[in-house]
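Participant: Pasting model_29.cif below, which is mmCIF, C-alpha atoms.
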data_query
loop_
_atom_site.group_PDB
_atom_site.id
_atom_site.type_symbol
_atom_site.label_atom_id
_atom_site.label_comp_id
_atom_site.auth_asym_id
_atom_site.auth_seq_id
_atom_site.Cartn_x
_atom_site.Cartn_y
_atom_site.Cartn_z
ATOM 1 C CA MET A 1 0.000 0.000 0.000
ATOM 2 C CA THR A 2 2.831 2.382 0.872
ATOM 3 C CA THR A 3 4.577 1.492 -2.391
ATOM 4 C CA LEU A 4 1.373 2.112 -4.343
ATOM 5 C CA ALA A 5 0.897 5.510 -2.713
ATOM 6 C CA ALA A 6 4.525 6.392 -3.318
ATOM 7 C CA ASN A 7 4.118 5.613 -7.027
ATOM 8 C CA PHE A 8 1.403 8.232 -7.445
ATOM 9 C CA PRO A 9 2.682 11.573 -8.778
ATOM 10 C CA ASP A 10 2.314 14.816 -6.816
ATOM 11 C CA ASN A 11 -1.148 16.429 -6.752
ATOM 12 C CA SER A 12 -2.797 13.167 -7.839
ATOM 13 C CA GLY A 13 -5.446 13.686 -5.137
ATOM 14 C CA TYR A 14 -6.665 16.840 -6.882
ATOM 15 C CA VAL A 15 -6.859 15.050 -10.236
ATOM 16 C CA VAL A 16 -8.830 12.174 -8.714
ATOM 17 C CA ALA A 17 -11.126 14.677 -6.971
ATOM 18 C CA ALA A 18 -11.798 16.566 -10.240
ATOM 19 C CA TYR A 19 -12.682 13.384 -12.151
ATOM 20 C CA LEU A 20 -14.800 12.176 -9.219
ATOM 21 C CA VAL A 21 -16.745 15.457 -9.304
ATOM 22 C CA PHE A 22 -17.519 14.860 -12.984
ATOM 23 C CA PHE A 23 -18.645 11.266 -12.410
ATOM 24 C CA ALA A 24 -20.596 12.223 -9.268
ATOM 25 C CA LEU A 25 -22.494 14.897 -11.219
ATOM 26 C CA LEU A 26 -23.285 12.343 -13.912
ATOM 27 C CA VAL A 27 -24.416 9.703 -11.417
ATOM 28 C CA ILE A 28 -26.579 12.202 -9.477
ATOM 29 C CA TYR A 29 -28.197 13.413 -12.700
ATOM 30 C CA LEU A 30 -28.878 9.851 -13.884
ATOM 31 C CA ALA A 31 -30.236 8.859 -10.452
ATOM 32 C CA ILE A 32 -32.642 11.827 -10.490
ATOM 33 C CA THR A 33 -33.708 10.905 -14.039
ATOM 34 C CA ALA A 34 -34.279 7.286 -12.993
ATOM 35 C CA PHE A 35 -36.354 8.426 -10.006
ATOM 36 C CA ARG A 36 -38.472 10.684 -12.244
ATOM 37 C CA LEU A 37 -38.914 7.820 -14.718
ATOM 38 C CA VAL A 38 -40.156 5.501 -11.949
ATOM 39 C CA ARG A 39 -42.617 8.199 -10.817
ATOM 40 C CA LEU A 40 -43.828 8.667 -14.399
ATOM 41 C CA GLU A 41 -44.297 4.938 -14.834
ATOM 42 C CA ARG A 42 -46.270 4.741 -11.566
ATOM 43 C CA ARG A 43 -48.486 7.592 -12.750
ATOM 44 C CA LEU A 44 -49.034 5.840 -16.070
ATOM 45 C CA THR A 45 -49.986 2.617 -14.267
ATOM 46 C CA ASP A 46 -52.526 4.529 -12.124
ATOM 47 C CA LEU A 47 -53.901 6.155 -15.245
ATOM 48 C CA THR A 48 -54.276 2.811 -17.013
ATOM 49 C CA GLN A 49 -56.104 1.364 -13.986
ATOM 50 C CA GLN A 50 -58.346 4.435 -13.860
ATOM 51 C CA LEU A 51 -59.138 4.059 -17.572
ATOM 52 C CA ASP A 52 -59.877 0.336 -17.158
ATOM 53 C CA ALA A 53 -62.247 1.097 -14.278
ATOM 54 C CA ASN A 54 -64.011 3.800 -16.310
ATOM 55 C CA GLU A 55 -64.388 1.487 -19.319
ATOM 56 C CA GLN A 56 -65.768 -1.284 -17.119
ATOM 57 C CA LEU A 57 -68.247 1.133 -15.576
ATOM 58 C CA ALA A 58 -69.363 2.392 -18.993
ATOM 59 C CA ALA A 59 -69.787 -1.143 -20.384
ATOM 60 C CA ASP A 60 -71.688 -2.584 -17.426
ATOM 61 C CA PRO A 61 -73.456 0.127 -15.398
ATOM 62 C CA ALA A 62 -76.532 -1.935 -14.305
ATOM 63 C CA PRO A 63 -75.034 -4.355 -11.711
ATOM 64 C CA SER A 64 -73.505 -1.519 -9.723
ATOM 65 C CA ALA A 65 -76.836 0.399 -9.624
ATOM 66 C CA GLU A 66 -78.927 -2.588 -8.530
ATOM 67 C CA PRO A 67 -77.524 -3.242 -5.012
ATOM 68 C CA VAL A 68 -77.906 0.435 -4.120
ATOM 69 C CA ARG A 69 -81.671 0.236 -4.757
ATOM 70 C CA GLU A 70 -81.960 -2.927 -2.665
ATOM 71 C CA GLU A 71 -80.162 -1.290 0.217
ATOM 72 C CA ALA A 72 -82.411 1.779 -0.043
ATOM 73 C CA SER A 73 -85.600 -0.325 -0.019
ATOM 74 C CA ALA A 74 -84.361 -2.447 2.891
ATOM 75 C CA MET B 1 -38.769 10.779 -31.647
ATOM 76 C CA TYR B 2 -36.032 11.982 -29.279
ATOM 77 C CA SER B 3 -35.637 8.498 -27.811
ATOM 78 C CA SER B 4 -34.473 7.084 -31.161
ATOM 79 C CA LYS B 5 -30.802 6.053 -31.206
ATOM 80 C CA LEU B 6 -30.549 6.881 -27.491
ATOM 81 C CA ARG B 7 -29.076 3.475 -26.706
ATOM 82 C CA SER B 8 -26.379 3.632 -29.390
ATOM 83 C CA LEU B 9 -25.624 7.235 -28.433
ATOM 84 C CA SER B 10 -25.201 6.237 -24.770
ATOM 85 C CA LEU B 11 -22.836 3.413 -25.700
ATOM 86 C CA ALA B 12 -20.826 5.681 -28.009
ATOM 87 C CA THR B 13 -20.608 8.335 -25.279
ATOM 88 C CA ALA B 14 -19.366 5.829 -22.698
ATOM 89 C CA ALA B 15 -16.816 4.362 -25.134
ATOM 90 C CA VAL B 16 -15.437 7.698 -26.377
ATOM 91 C CA LEU B 17 -15.232 9.296 -22.922
ATOM 92 C CA THR B 18 -13.583 6.215 -21.409
ATOM 93 C CA GLY B 19 -11.095 6.127 -24.304
ATOM 94 C CA ALA B 20 -10.337 9.822 -23.876
ATOM 95 C CA PHE B 21 -9.724 9.546 -20.135
ATOM 96 C CA VAL B 22 -7.556 6.449 -20.574
ATOM 97 C CA LEU B 23 -5.486 8.291 -23.208
ATOM 98 C CA ALA B 24 -5.282 11.332 -20.923
ATOM 99 C CA ALA B 25 -3.983 9.156 -18.084
ATOM 100 C CA PHE B 26 -1.541 6.889 -19.948
ATOM 101 C CA TYR B 27 -0.732 8.455 -23.338
ATOM 102 C CA ALA B 28 -0.627 12.208 -22.739
ATOM 103 C CA PRO B 29 2.700 13.349 -21.266
ATOM 104 C CA ILE B 30 2.929 15.020 -17.865
ATOM 105 C CA GLU B 31 3.138 18.768 -18.346
ATOM 106 C CA ALA B 32 6.486 20.268 -17.316
ATOM 107 C CA ASP B 33 5.135 23.322 -15.500
ATOM 108 C CA GLN B 34 2.037 22.056 -13.653
ATOM 109 C CA GLY B 35 2.894 18.395 -13.336
ATOM 110 C CA PHE B 36 0.232 15.714 -12.896
ATOM 111 C CA SER B 37 -2.529 18.193 -11.944
ATOM 112 C CA GLN B 38 -2.666 19.317 -15.613
ATOM 113 C CA LYS B 39 -4.603 16.055 -16.294
ATOM 114 C CA ILE B 40 -7.696 17.916 -14.998
ATOM 115 C CA PHE B 41 -7.503 19.833 -18.287
ATOM 116 C CA TYR B 42 -8.982 16.825 -20.193
ATOM 117 C CA VAL B 43 -12.233 16.931 -18.240
ATOM 118 C CA HIS B 44 -12.446 20.630 -17.329
ATOM 119 C CA VAL B 45 -11.876 22.327 -20.711
ATOM 120 C CA PRO B 46 -14.120 20.051 -22.869
ATOM 121 C CA MET B 47 -16.869 20.455 -20.253
ATOM 122 C CA ALA B 48 -16.503 24.269 -20.387
ATOM 123 C CA ILE B 49 -16.550 24.363 -24.214
ATOM 124 C CA VAL B 50 -19.619 22.093 -24.407
ATOM 125 C CA ALA B 51 -21.432 24.096 -21.694
ATOM 126 C CA LEU B 52 -20.829 27.349 -23.593
ATOM 127 C CA GLY B 53 -21.856 25.646 -26.858
ATOM 128 C CA GLY B 54 -25.051 24.471 -25.142
ATOM 129 C CA PHE B 55 -25.888 28.039 -24.133
ATOM 130 C CA VAL B 56 -25.414 29.176 -27.746
ATOM 131 C CA PHE B 57 -27.559 26.249 -28.972
ATOM 132 C CA GLY B 58 -30.258 27.339 -26.503
ATOM 133 C CA GLY B 59 -30.133 30.813 -28.063
ATOM 134 C CA ILE B 60 -30.420 29.412 -31.602
ATOM 135 C CA GLU B 61 -33.449 27.326 -30.632
ATOM 136 C CA ALA B 62 -34.953 30.430 -28.993
ATOM 137 C CA VAL B 63 -34.589 32.303 -32.310
ATOM 138 C CA ARG B 64 -36.361 29.412 -34.025
ATOM 139 C CA TYR B 65 -39.139 29.573 -31.441
ATOM 140 C CA LEU B 66 -39.698 33.300 -31.995
ATOM 141 C CA ARG B 67 -39.782 32.766 -35.753
ATOM 142 C CA THR B 68 -42.140 29.764 -35.773
ATOM 143 C CA ARG B 69 -43.898 29.947 -32.360
ATOM 144 C CA ASP B 70 -43.529 26.168 -32.246
ATOM 145 C CA PRO B 71 -43.328 25.245 -28.510
ATOM 146 C CA ARG B 72 -40.989 22.342 -29.306
ATOM 147 C CA HIS B 73 -38.202 24.870 -30.037
ATOM 148 C CA ASP B 74 -38.819 26.519 -26.664
ATOM 149 C CA MET B 75 -38.541 23.087 -25.045
ATOM 150 C CA ARG B 76 -35.253 22.383 -26.891
ATOM 151 C CA SER B 77 -33.863 25.748 -25.787
ATOM 152 C CA TYR B 78 -34.983 25.147 -22.181
ATOM 153 C CA VAL B 79 -33.430 21.671 -22.014
ATOM 154 C CA ALA B 80 -30.150 22.828 -23.647
ATOM 155 C CA ILE B 81 -29.772 25.645 -21.102
ATOM 156 C CA HIS B 82 -30.725 23.290 -18.257
ATOM 157 C CA MET B 83 -28.018 20.780 -19.300
ATOM 158 C CA SER B 84 -25.434 23.541 -19.773
ATOM 159 C CA VAL B 85 -26.056 24.924 -16.274
ATOM 160 C CA ILE B 86 -25.428 21.425 -14.844
ATOM 161 C CA LEU B 87 -22.186 21.190 -16.857
ATOM 162 C CA GLY B 88 -21.367 24.720 -15.662
ATOM 163 C CA VAL B 89 -21.447 23.506 -12.053
ATOM 164 C CA GLY B 90 -18.942 20.806 -13.048
ATOM 165 C CA VAL B 91 -16.724 23.372 -14.799
ATOM 166 C CA LEU B 92 -16.629 25.664 -11.755
ATOM 167 C CA VAL B 93 -15.924 22.850 -9.285
ATOM 168 C CA THR B 94 -13.248 21.108 -11.399
ATOM 169 C CA GLY B 95 -11.746 24.535 -12.217
ATOM 170 C CA SER B 96 -11.525 25.389 -8.536
ATOM 171 C CA ILE B 97 -9.799 22.084 -7.782
ATOM 172 C CA TRP B 98 -7.343 22.689 -10.623
ATOM 173 C CA ALA B 99 -6.702 26.263 -9.432
ATOM 174 C CA ARG B 100 -6.005 25.003 -5.929
ATOM 175 C CA ALA B 101 -3.613 22.346 -7.251
ATOM 176 C CA SER B 102 -1.739 24.679 -9.620
ATOM 177 C CA TRP B 103 -1.938 28.164 -8.134
ATOM 178 C CA ASN B 104 -2.774 27.382 -4.485
ATOM 179 C CA VAL B 105 -6.044 29.383 -4.665
ATOM 180 C CA TRP B 106 -9.627 28.179 -5.135
ATOM 181 C CA PHE B 107 -10.543 31.139 -7.371
ATOM 182 C CA GLU B 108 -8.596 34.038 -8.878
ATOM 183 C CA TRP B 109 -10.722 37.187 -9.179
ATOM 184 C CA ARG B 110 -8.111 38.984 -11.333
ATOM 185 C CA GLU B 111 -8.260 36.366 -14.086
ATOM 186 C CA PRO B 112 -10.724 37.366 -16.862
ATOM 187 C CA THR B 113 -11.337 33.752 -18.007
ATOM 188 C CA LEU B 114 -12.542 32.592 -14.597
ATOM 189 C CA VAL B 115 -14.596 35.689 -13.800
ATOM 190 C CA SER B 116 -16.246 35.761 -17.241
ATOM 191 C CA PHE B 117 -17.324 32.116 -16.950
ATOM 192 C CA LEU B 118 -18.713 32.782 -13.479
ATOM 193 C CA ILE B 119 -20.690 35.772 -14.843
ATOM 194 C CA ILE B 120 -22.148 33.646 -17.659
ATOM 195 C CA PHE B 121 -23.023 30.860 -15.223
ATOM 196 C CA LEU B 122 -24.726 33.251 -12.785
ATOM 197 C CA LEU B 123 -26.563 34.909 -15.686
ATOM 198 C CA TYR B 124 -28.020 31.557 -16.745
ATOM 199 C CA CYS B 125 -28.889 30.696 -13.132
ATOM 200 C CA THR B 126 -31.584 33.395 -13.408
ATOM 201 C CA TYR B 127 -33.201 31.681 -16.426
ATOM 202 C CA GLN B 128 -35.203 29.150 -14.392
ATOM 203 C CA PRO B 129 -36.595 31.689 -11.863
ATOM 204 C CA LEU B 130 -37.460 34.011 -14.774
ATOM 205 C CA ARG B 131 -39.534 31.272 -16.395
ATOM 206 C CA PHE B 132 -41.187 30.311 -13.133
ATOM 207 C CA SER B 133 -42.176 33.935 -12.432
ATOM 208 C CA ILE B 134 -44.377 34.030 -15.570
ATOM 209 C CA VAL B 135 -47.619 32.053 -15.368
ATOM 210 C CA ASP B 136 -48.912 32.403 -18.930
ATOM 211 C CA PRO B 137 -47.116 29.685 -21.010
ATOM 212 C CA GLU B 138 -47.018 31.746 -24.216
ATOM 213 C CA ARG B 139 -45.585 34.810 -22.495
ATOM 214 C CA GLN B 140 -43.198 32.623 -20.516
ATOM 215 C CA ALA B 141 -41.823 31.090 -23.720
ATOM 216 C CA ARG B 142 -41.517 34.513 -25.410
ATOM 217 C CA TYR B 143 -39.686 36.192 -22.528
ATOM 218 C CA ALA B 144 -37.449 33.152 -21.969
ATOM 219 C CA SER B 145 -36.555 33.132 -25.677
ATOM 220 C CA VAL B 146 -35.567 36.802 -25.587
ATOM 221 C CA PHE B 147 -33.396 36.037 -22.546
ATOM 222 C CA ALA B 148 -31.834 32.969 -24.226
ATOM 223 C CA ILE B 149 -31.012 34.952 -27.397
ATOM 224 C CA THR B 150 -29.495 37.897 -25.513
ATOM 225 C CA ALA B 151 -27.485 35.687 -23.159
ATOM 226 C CA GLY B 152 -26.571 33.312 -26.021
ATOM 227 C CA ALA B 153 -25.150 36.230 -28.028
ATOM 228 C CA PHE B 154 -23.249 37.361 -24.939
ATOM 229 C CA VAL B 155 -21.359 34.026 -24.770
ATOM 230 C CA PRO B 156 -19.224 34.375 -27.977
ATOM 231 C CA LEU B 157 -18.812 38.133 -27.403
ATOM 232 C CA ASN B 158 -17.568 37.432 -23.907
ATOM 233 C CA PHE B 159 -15.261 34.694 -25.214
ATOM 234 C CA MET B 160 -13.718 37.120 -27.744
ATOM 235 C CA ALA B 161 -13.313 39.838 -25.107
ATOM 236 C CA VAL B 162 -11.509 37.390 -22.808
ATOM 237 C CA ARG B 163 -9.225 36.314 -25.663
ATOM 238 C CA LEU B 164 -8.317 39.948 -26.320
ATOM 239 C CA ALA B 165 -7.664 40.669 -22.638
ATOM 240 C CA ASP B 166 -4.279 40.064 -21.069
ATOM 241 C CA PRO B 167 -4.209 36.734 -19.228
ATOM 242 C CA PHE B 168 -3.402 36.928 -15.534
ATOM 243 C CA ILE B 169 -2.541 33.319 -14.759
ATOM 244 C CA HIS B 170 -4.995 31.175 -16.785
ATOM 245 C CA PRO B 171 -3.152 29.805 -19.860
ATOM 246 C CA ARG B 172 -4.515 30.237 -23.416
ATOM 247 C CA ILE B 173 -3.806 26.757 -24.682
ATOM 248 C CA LEU B 174 -5.763 26.454 -27.926
ATOM 249 C CA ASN B 175 -3.883 29.085 -29.945
ATOM 250 C CA ASN B 176 -0.289 29.852 -30.785
ATOM 251 C CA THR B 177 -0.383 33.581 -30.007
ATOM 252 C CA THR B 178 0.657 33.237 -26.389
ATOM 253 C CA GLY B 179 3.003 30.348 -26.988
ATOM 254 C CA GLY B 180 0.711 27.864 -25.300
ATOM 255 C CA ALA B 181 -0.038 25.536 -28.218
ATOM 256 C CA LEU B 182 -0.586 21.894 -27.261
ATOM 257 C CA PRO B 183 1.744 19.118 -28.430
ATOM 258 C CA VAL B 184 0.120 16.367 -30.527
ATOM 259 C CA GLU B 185 0.229 13.859 -27.628
ATOM 260 C CA MET B 186 -1.999 16.202 -25.635
ATOM 261 C CA LYS B 187 -4.142 17.319 -28.570
ATOM 262 C CA ILE B 188 -5.345 13.774 -29.398
ATOM 263 C CA PRO B 189 -6.821 12.939 -25.952
ATOM 264 C CA PHE B 190 -8.156 16.495 -25.675
ATOM 265 C CA TYR B 191 -10.096 16.402 -28.959
ATOM 266 C CA ILE B 192 -11.391 12.880 -28.205
ATOM 267 C CA ALA B 193 -12.558 14.134 -24.783
ATOM 268 C CA LEU B 194 -14.235 17.083 -26.524
ATOM 269 C CA VAL B 195 -16.088 14.704 -28.874
ATOM 270 C CA GLY B 196 -17.037 12.509 -25.888
ATOM 271 C CA MET B 197 -18.325 15.467 -23.902
ATOM 272 C CA THR B 198 -20.360 16.652 -26.912
ATOM 273 C CA LEU B 199 -21.838 13.149 -27.248
ATOM 274 C CA LEU B 200 -22.641 13.190 -23.518
ATOM 275 C CA PHE B 201 -24.434 16.516 -23.902
ATOM 276 C CA VAL B 202 -26.456 15.241 -26.896
ATOM 277 C CA THR B 203 -27.337 11.991 -25.067
ATOM 278 C CA LEU B 204 -28.465 13.753 -21.873
ATOM 279 C CA TRP B 205 -30.319 16.402 -23.915
ATOM 280 C CA LYS B 206 -32.214 13.690 -25.809
ATOM 281 C CA LEU B 207 -32.927 11.806 -22.573
ATOM 282 C CA GLU B 208 -34.298 14.950 -20.938
ATOM 283 C CA MET B 209 -36.380 15.812 -24.022
ATOM 284 C CA THR B 210 -37.828 12.287 -24.058
ATOM 285 C CA HIS B 211 -38.701 12.510 -20.379
ATOM 286 C CA LYS B 212 -40.266 15.969 -20.660
ATOM 287 C CA LEU B 213 -42.399 15.002 -23.663
ATOM 288 C CA ALA B 214 -43.498 11.732 -22.007
ATOM 289 C CA ARG B 215 -44.471 13.675 -18.864
ATOM 290 C CA GLY B 216 -46.434 16.132 -20.995
ATOM 291 C CA ARG B 217 -48.331 13.269 -22.643
ATOM 292 C CA VAL B 218 -49.114 11.638 -19.285
ATOM 293 C CA ARG B 219 -50.366 14.970 -17.872
ATOM 294 C CA SER B 220 -52.570 15.516 -20.906
ATOM 295 C CA LEU B 221 -53.938 11.972 -20.620
ATOM 296 C CA GLN B 222 -54.618 12.483 -16.907
ATOM 297 C CA ARG B 223 -56.616 15.625 -17.628
ATOM 298 C CA ARG B 224 -58.650 13.871 -20.341
ATOM 299 C CA VAL B 225 -59.401 10.936 -18.034
ATOM 300 C CA ASP B 226 -60.395 13.313 -15.209
ATOM 301 C CA ALA B 227 -62.586 15.310 -17.607
ATOM 302 C CA ALA B 228 -64.274 12.107 -18.825
ATOM 303 C CA ALA B 229 -64.919 11.145 -15.191
ATOM 304 C CA GLY B 230 -66.762 14.445 -14.705
ATOM 305 C CA ASP B 231 -64.071 16.544 -13.036
ATOM 306 C CA ARG B 232 -64.739 20.091 -14.319
ATOM 307 C CA ASP B 233 -61.423 21.499 -13.089
ATOM 308 C CA ALA B 234 -59.508 18.987 -15.201
ATOM 309 C CA LEU B 235 -59.746 21.071 -18.382
ATOM 310 C CA GLY B 236 -58.606 24.257 -16.627
ATOM 311 C CA PRO B 237 -55.113 25.775 -16.951
ATOM 312 C CA ALA B 238 -52.083 23.525 -16.394
ATOM 313 C CA PRO B 239 -50.268 23.808 -13.030
ATOM 314 C CA ARG B 240 -47.547 26.474 -12.816
ATOM 315 C CA SER B 241 -44.156 25.261 -14.020
ATOM 316 C CA ALA B 242 -40.841 26.672 -15.241
ATOM 317 C CA ALA B 243 -40.655 23.958 -17.890
ATOM 318 C CA PRO B 244 -42.540 24.392 -21.177
ATOM 319 C CA GLN B 245 -45.740 22.349 -21.486
ATOM 320 C CA VAL B 246 -45.458 20.488 -24.765
ATOM 321 C CA ILE B 247 -47.518 17.533 -25.947
ATOM 322 C CA ALA B 248 -45.961 16.065 -29.087
#
Using structure tokens, write down the structure that the file contains.
Facilitator:
Amino acid sequence: MTTLAANFPDNSGYVVAAYLVFFALLVIYLAITAFRLVRLERRLTDLTQQLDANEQLAADPAPSAEPVREEASA
Amino acid sequence: MYSSKLRSLSLATAAVLTGAFVLAAFYAPIEADQGFSQKIFYVHVPMAIVALGGFVFGGIEAVRYLRTRDPRHDMRSYVAIHMSVILGVGVLVTGSIWARASWNVWFEWREPTLVSFLIIFLLYCTYQPLRFSIVDPERQARYASVFAITAGAFVPLNFMAVRLADPFIHPRILNNTTGGALPVEMKIPFYIALVGMTLLFVTLWKLEMTHKLARGRVRSLQRRVDAAAGDRDALGPAPRSAAPQVIA
């Protein structure tokens, strides 16, 4: 380990830090994009479920209306 | 549309940038004056050039928006400026690290190159709040375009002014006038890094455009579904946002 450290040129810490800043920026940006993509996908899934429920309601409105009447008469 | 070739672009970006950094580390010689810390040059300078190019591209797209009133040009301008501001953060941080390593200071206020870049960066930091302060989308796009054109024109003018000014400590490496021309062994990794950084900008720009357009479509769909379900507020104005609302 000491030999490895001794083989590094002067100021190598600054160079590593500069390149790490670049990669960190890239990783943070990509992580934020991935998070936003997951949120968008979740929203799209909700929307699809909402659409399915609406379509089902439009295609078959009678069964849902019937029990309400029974409850009201009871 | 923007998502096409995104995969191949990403792979090309990764390959070119990796190649450039490997060449910078193992092929490019160690500079006699600054030593090993000069290796920061291969990430810092391409990032600065691409960031400034992105600002100019944002201005060009803003001109196209004002000529056509097509909101897609406003979106392109917005995303280009957004990406360039992110790269600008990288330029300032890597520049500070390099300044500390070479000159023992984090920032040199007497150096026109550093101060001019900081001015441009701070100028573009006001772009997002400017957009957010305007509610009407059409007015927002118009005002933002005027800003992007004015600031975009300022970038090359500023660059020329800095070139004409006397350097304090920051070297002028890409011309021969001050005796700072690069040797071929440094030029090759530098230009490859510049190509890689440009590819990175294009890839991230396309990714952001794809995301913004997909979000616009989902929002529009949500409002149509809500309207169909009987929600009267659904067809009202879109929520306030700094980003352009484009459905394409």
Participant: For the point (-32.2, 29.4, -20.6) in the file's frame, write as a PyMOL selection string all residues with an atom no more than 12 Å away, counting only C-alpha atoms.
Facilitator: chain B and resi 52+54-62+74-86+120-132+140-152+242-244
Participant: I'd like the contact shell of segment 96-104 of chain B - 8 Å cut-off, all atoms listed in the file, skipping same-chain residues fewer than 5 positions apart - returned as an mmCIF file with C-alpha atoms, in the frame of the given file.
Facilitator:
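around10.cif, freshly written:
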data_model
loop_
_atom_site.group_PDB
_atom_site.id
_atom_site.type_symbol
_atom_site.label_atom_id
_atom_site.label_comp_id
_atom_site.auth_asym_id
_atom_site.auth_seq_id
_atom_site.Cartn_x
_atom_site.Cartn_y
_atom_site.Cartn_z
ATOM 1 C CA ASN A 11 -1.148 16.429 -6.752
ATOM 2 C CA TYR A 14 -6.665 16.840 -6.882
ATOM 3 C CA VAL A 15 -6.859 15.050 -10.236
ATOM 4 C CA ALA A 17 -11.126 14.677 -6.971
ATOM 5 C CA ALA A 18 -11.798 16.566 -10.240
ATOM 6 C CA GLN B 34 2.037 22.056 -13.653
ATOM 7 C CA SER B 37 -2.529 18.193 -11.944
ATOM 8 C CA GLN B 38 -2.666 19.317 -15.613
ATOM 9 C CA ILE B 40 -7.696 17.916 -14.998
#
Participant: Give me, as a compact mmCIF listing (two decimals) with C-alpha atoms, keeping the file's coordinate frame, the contact residues of chain B against chain A at a cut-off of 10 Å, counting all atoms listed in the file.
Facilitator:
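Result written to out_11.txt:
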# COMPACT_ATOMS: atom_id res chain seq x y z
CA PHE B 21 -9.72 9.55 -20.14
CA ILE B 30 2.93 15.02 -17.86
CA GLN B 34 2.04 22.06 -13.65
CA GLY B 35 2.89 18.40 -13.34
CA PHE B 36 0.23 15.71 -12.90
CA SER B 37 -2.53 18.19 -11.94
CA GLN B 38 -2.67 19.32 -15.61
CA LYS B 39 -4.60 16.06 -16.29
CA ILE B 40 -7.70 17.92 -15.00
CA PHE B 41 -7.50 19.83 -18.29
CA TYR B 42 -8.98 16.82 -20.19
CA VAL B 43 -12.23 16.93 -18.24
CA HIS B 44 -12.45 20.63 -17.33
CA MET B 47 -16.87 20.45 -20.25
CA MET B 83 -28.02 20.78 -19.30
CA ILE B 86 -25.43 21.42 -14.84
CA LEU B 87 -22.19 21.19 -16.86
CA VAL B 89 -21.45 23.51 -12.05
CA GLY B 90 -18.94 20.81 -13.05
CA VAL B 91 -16.72 23.37 -14.80
CA VAL B 93 -15.92 22.85 -9.28
CA THR B 94 -13.25 21.11 -11.40
CA GLY B 95 -11.75 24.54 -12.22
CA SER B 96 -11.52 25.39 -8.54
CA ILE B 97 -9.80 22.08 -7.78
CA TRP B 98 -7.34 22.69 -10.62
CA ALA B 99 -6.70 26.26 -9.43
CA ARG B 100 -6.00 25.00 -5.93
CA ALA B 101 -3.61 22.35 -7.25
CA SER B 102 -1.74 24.68 -9.62
CA LEU B 200 -22.64 13.19 -23.52
CA LEU B 204 -28.46 13.75 -21.87
CA LEU B 207 -32.93 11.81 -22.57
CA GLU B 208 -34.30 14.95 -20.94
CA HIS B 211 -38.70 12.51 -20.38
CA ALA B 214 -43.50 11.73 -22.01
CA ARG B 215 -44.47 13.68 -18.86
CA ARG B 217 -48.33 13.27 -22.64
CA VAL B 218 -49.11 11.64 -19.28
CA ARG B 219 -50.37 14.97 -17.87
CA LEU B 221 -53.94 11.97 -20.62
CA GLN B 222 -54.62 12.48 -16.91
CA VAL B 225 -59.40 10.94 -18.03
CA ASP B 226 -60.40 13.31 -15.21
CA ALA B 228 -64.27 12.11 -18.82
CA ALA B 229 -64.92 11.14 -15.19
Participant: Could you work out how far atom CA of Phe159 of chain B lies from atom CA of Thr113 of chain B, giving the answer in Å with one decimal?
Facilitator: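 So the answer is 8.3 Å.
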Participant: Would you compute the distance between atom CA of Met197 of chain B and atom CA of Ser241 of chain B? Give it in Å to one decimal.
Facilitator: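 So the two atoms, atom CA of Met197 of chain B and atom CA of Ser241 of chain B, lie 29.3 Å apart.
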